[in-house]
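**Student:** Below is the structure I would like to discuss, written out as structure tokens.
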Amino acid sequence: MHNFAFHKPGSVADAAKAIGAASDGKIIAGGQTLLPTLRQRLAEPSDLVDLGAIADLKGIKAEGDGVTIGAMTTHAEVASSSVVAGAIPALAHLASHIGDRQVRHRGTIGGSLANNDPAADYPSAVLGLGATVRTNKREIKADDFFQGMFTTALDEGEIITAVHFPKPEKAGYEKFVQPASRFALVGVFVAKTKGGVRVAVTGAGQEGVFRAKEVEAALGANFSADAAKGAKVSADSLNSDLHGSAVYRAHLVSVLAGRAVAAAK
Amino acid sequence: MPTVKMTVNGKAVSADVEARTLLVHLLRDKLALTGTHVGCDTAQCGACTVHVNGKAVKSCNVLAVQLDGAQVTTIEGLATGDTMHPMQEAFRNNHGLQCGFCTPGMVMSAIDLVQGKPPLSESEIRAGLEGNICRCTGYHNIVKSVKAGAEAMQAGKGR
């Protein structure tokens, strides 16, 4: 790992200043993806701006008809939160299955979303629930936030501060893990909301997380596991690799959507 | 060079480190606490697991400078004098190791997994240790050890 200048600001405003002043700075949240990336020298930032000392970015609270989670809240905290379990149990379930125990103690929701790994779990919950990503500049709707693999609507140096999840009528998340890496080969988040059924898929798409419109249509007509399993998902823009073909992944989307509906609470 | 101050195994320590120094390198190279192992060096195997503020983390995947002011416990900090921690004792009694390389990480993860919880089933223990890999594949006795260690901790013999 190349060396860098390290900054640990105490406020979001100071963090924005530090990242703005750096020639090629990176923001570090939990660092569970960024540090391995730096160690492989896949990135060589001039500066790292650590958000770990900013108290405003941590914590979970009930807000309106839903839950707001601070960007620096860890996966373990979301998994064990009674507020999350009460409002959106599927979200607590999802958080409790990210990475492994040690990773969940460091990794954060803000870091996961800003990174937008195509096989990460959180993007499917944010898109599936129609959440709102709050930053130091604005609010971004989930449908506008994810813009392809490792790409988001965030501007250079823009900092996620929190995510607001509206409470669905019911939601479920199921993933099929790649046996070695434990990343989602396919993960499906299903939410029955007042505005209709939303189905978000991670792990399968060439462009990262996406909504499975075929499954949404089937579940909109009949919210049942059988309806989800019967929905035909196109393999056209899905990943194909040694772990599974696009056709296999397309099949998994329907199967997992069915399981997510069966498990939905 | 940044200065980091933290408490390691109950002792206040202060060290000048490069910003890029990982916690595991501070522990091993500066503080000579070589019980914490570097296995895969890619944050997968869990051999480097220590407790930071009471929670298991991979010390090869966190910068020392991120942990200014933290409480860190390594495998060396578990025993009380000559008395091993009940989880260490359980690994010894159940032969919960083959080559022993993954053992410090397994013990640190196991304590974090079972602490303050009702007794876990064998499958819960196996799932709970997914962040630790034993290349000898000696999981059978590791799981037995964790079960026994948890029972000993519950019985109030330990912490």
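FYI, nothing fancy with the structure tokens labels: chains A, B, ... in order, residues from 1 per chain, ligands from 1 as they appear.
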Each residue of chain A lying at most 6 Å from chain B should get a row with its shortest atom-to-atom pair and the distance in Å to one decimal, counting only C-alpha atoms; could you produce that, ordered by chain and increasing number, as a Markdown table?
**Tutor:**
```
| residue | atom | partner | partner_atom | distance |
| --- | --- | --- | --- | --- |
| A:Asn3 | CA | B:Arg20 | CA | 5.3 |
| A:Asp100 | CA | B:Gly131 | CA | 4.9 |
| A:Gln102 | CA | B:Val57 | CA | 4.4 |
```
**Student:** For N, CA and C atoms, I'd like the residues from the last selection saved as a PDB file, in the first residue's frame.
**Tutor:**
```
ATOM      1  N   ASN A   3       1.737   5.163   0.685  1.00  0.00           N
ATOM      2  CA  ASN A   3       1.347   6.023   1.802  1.00  0.00           C
ATOM      3  C   ASN A   3       0.455   7.165   1.296  1.00  0.00           C
ATOM      4  N   ASP A 100     -18.863 -11.164   6.718  1.00  0.00           N
ATOM      5  CA  ASP A 100     -18.801 -12.021   7.897  1.00  0.00           C
ATOM      6  C   ASP A 100     -18.846 -11.141   9.138  1.00  0.00           C
ATOM      7  N   GLN A 102     -16.734 -10.167  11.425  1.00  0.00           N
ATOM      8  CA  GLN A 102     -15.724  -9.128  11.617  1.00  0.00           C
ATOM      9  C   GLN A 102     -15.964  -7.958  10.657  1.00  0.00           C
TER      10      GLN A 102
END
```
**Student:** Among the residues of range 7-101 of chain A, find those DSSP assigns to strand (DSSP E) from the backbone and print them as a list in words.
**Tutor:**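 Result set for range 7-101 of chain A (strand (DSSP E)): His7, Gly25, Lys26, Ile27, Ile28, Asp47, Leu48, Val49, Asp50, Ile60, Lys61, Ala62, Gly66, Val67, Thr68, Ile69 and Gly70 of chain A.
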**Student:** So that I can check the surroundings of Thr108 in chain A, please list as an MDAnalysis selection string every protein, DNA and RNA residue that reaches within 6 Å of it, counting only C-alpha atoms and ignoring chain neighbours fewer than 4 positions away.
**Tutor:** chainID A and resid 30 72:75
**Student:** Mind writing the picked residues with all heavy atoms as a JSON list (two decimals), in the first residue's frame?
**Tutor:**
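Result file follows (again-v7.json):
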```json
[["chain", "number", "residue", "atom", "x", "y", "z"],
["A", 30, "GLY", "N", -15.95, 2.50, 6.60],
["A", 30, "GLY", "CA", -15.46, 1.34, 7.35],
["A", 30, "GLY", "C", -14.18, 0.75, 6.74],
["A", 30, "GLY", "O", -13.43, 0.06, 7.40],
["A", 72, "MET", "N", -22.52, 6.24, 8.74],
["A", 72, "MET", "CA", -21.41, 5.51, 9.37],
["A", 72, "MET", "C", -21.90, 4.43, 10.35],
["A", 72, "MET", "O", -21.15, 3.95, 11.18],
["A", 72, "MET", "CB", -20.48, 6.49, 10.08],
["A", 72, "MET", "CG", -19.61, 7.30, 9.12],
["A", 72, "MET", "SD", -18.46, 6.25, 8.15],
["A", 72, "MET", "CE", -17.29, 5.78, 9.41],
["A", 73, "THR", "N", -23.18, 4.07, 10.25],
["A", 73, "THR", "CA", -23.70, 3.00, 11.08],
["A", 73, "THR", "C", -23.24, 1.66, 10.50],
["A", 73, "THR", "O", -23.33, 1.44, 9.29],
["A", 73, "THR", "CB", -25.25, 3.06, 11.08],
["A", 73, "THR", "OG1", -25.63, 4.39, 11.44],
["A", 73, "THR", "CG2", -25.84, 2.07, 12.07],
["A", 74, "THR", "N", -22.73, 0.79, 11.37],
["A", 74, "THR", "CA", -22.18, -0.48, 10.87],
["A", 74, "THR", "C", -23.29, -1.49, 10.57],
["A", 74, "THR", "O", -24.41, -1.38, 11.08],
["A", 74, "THR", "CB", -21.22, -1.12, 11.88],
["A", 74, "THR", "OG1", -21.95, -1.47, 13.05],
["A", 74, "THR", "CG2", -20.07, -0.19, 12.24],
["A", 75, "HIS", "N", -22.94, -2.48, 9.77],
["A", 75, "HIS", "CA", -23.89, -3.55, 9.44],
["A", 75, "HIS", "C", -24.35, -4.26, 10.71],
["A", 75, "HIS", "O", -25.52, -4.62, 10.84],
["A", 75, "HIS", "CB", -23.25, -4.57, 8.50],
["A", 75, "HIS", "CG", -22.57, -3.96, 7.31],
["A", 75, "HIS", "ND1", -23.03, -2.83, 6.69],
["A", 75, "HIS", "CD2", -21.45, -4.33, 6.62],
["A", 75, "HIS", "CE1", -22.23, -2.53, 5.67],
["A", 75, "HIS", "NE2", -21.27, -3.42, 5.62]]
```
**Student:** If you count only C-alpha atoms, which residues fall within 10 Å of Ala110 in chain B, apart from same-chain ones fewer than 6 positions away, as a PyMOL selection string?
**Tutor:** chain B and resi 56+87-88+104+125+128-129+132+142-143+145-147+149-150
**Student:** List the spatial neighbours of Ala263 in chain A as a list in words - criterion: any atom at most 9 Å away, only C-alpha atoms, same-chain residues fewer than 6 positions off excluded.
**Tutor:** Ala90, Ala171, Gly172, Tyr173 and Glu174 of chain A
**Student:** May I have the selected residues written with N, CA and C atoms, as an mmCIF file, in the first residue's frame?
**Tutor:**
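The resulting file, result-v3.cif, is reproduced below:
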```
data_model
loop_
_atom_site.group_PDB
_atom_site.id
_atom_site.type_symbol
_atom_site.label_atom_id
_atom_site.label_comp_id
_atom_site.auth_asym_id
_atom_site.auth_seq_id
_atom_site.Cartn_x
_atom_site.Cartn_y
_atom_site.Cartn_z
ATOM 1 N N ALA A 90 -36.801 -7.213 7.184
ATOM 2 C CA ALA A 90 -35.996 -7.710 6.057
ATOM 3 C C ALA A 90 -34.658 -6.972 5.968
ATOM 4 N N ALA A 171 -41.721 -6.987 3.365
ATOM 5 C CA ALA A 171 -40.512 -7.077 2.545
ATOM 6 C C ALA A 171 -39.733 -8.326 2.920
ATOM 7 N N GLY A 172 -38.953 -8.825 1.962
ATOM 8 C CA GLY A 172 -38.097 -9.982 2.215
ATOM 9 C C GLY A 172 -36.843 -9.904 1.367
ATOM 10 N N TYR A 173 -35.777 -10.522 1.856
ATOM 11 C CA TYR A 173 -34.515 -10.560 1.092
ATOM 12 C C TYR A 173 -33.948 -11.964 1.145
ATOM 13 N N GLU A 174 -33.604 -12.479 -0.002
ATOM 14 C CA GLU A 174 -32.964 -13.796 -0.058
ATOM 15 C C GLU A 174 -31.785 -13.721 -1.009
#
```
**Student:** Taking only C-alpha atoms into account, which of A:Ala257, A:Ile160, A:Leu42, A:Ala191 comes nearest Ala15 in chain A?
**Tutor:**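 Residue with the minimum atom-to-atom distance to Ala15 in chain A: A:Ile160.
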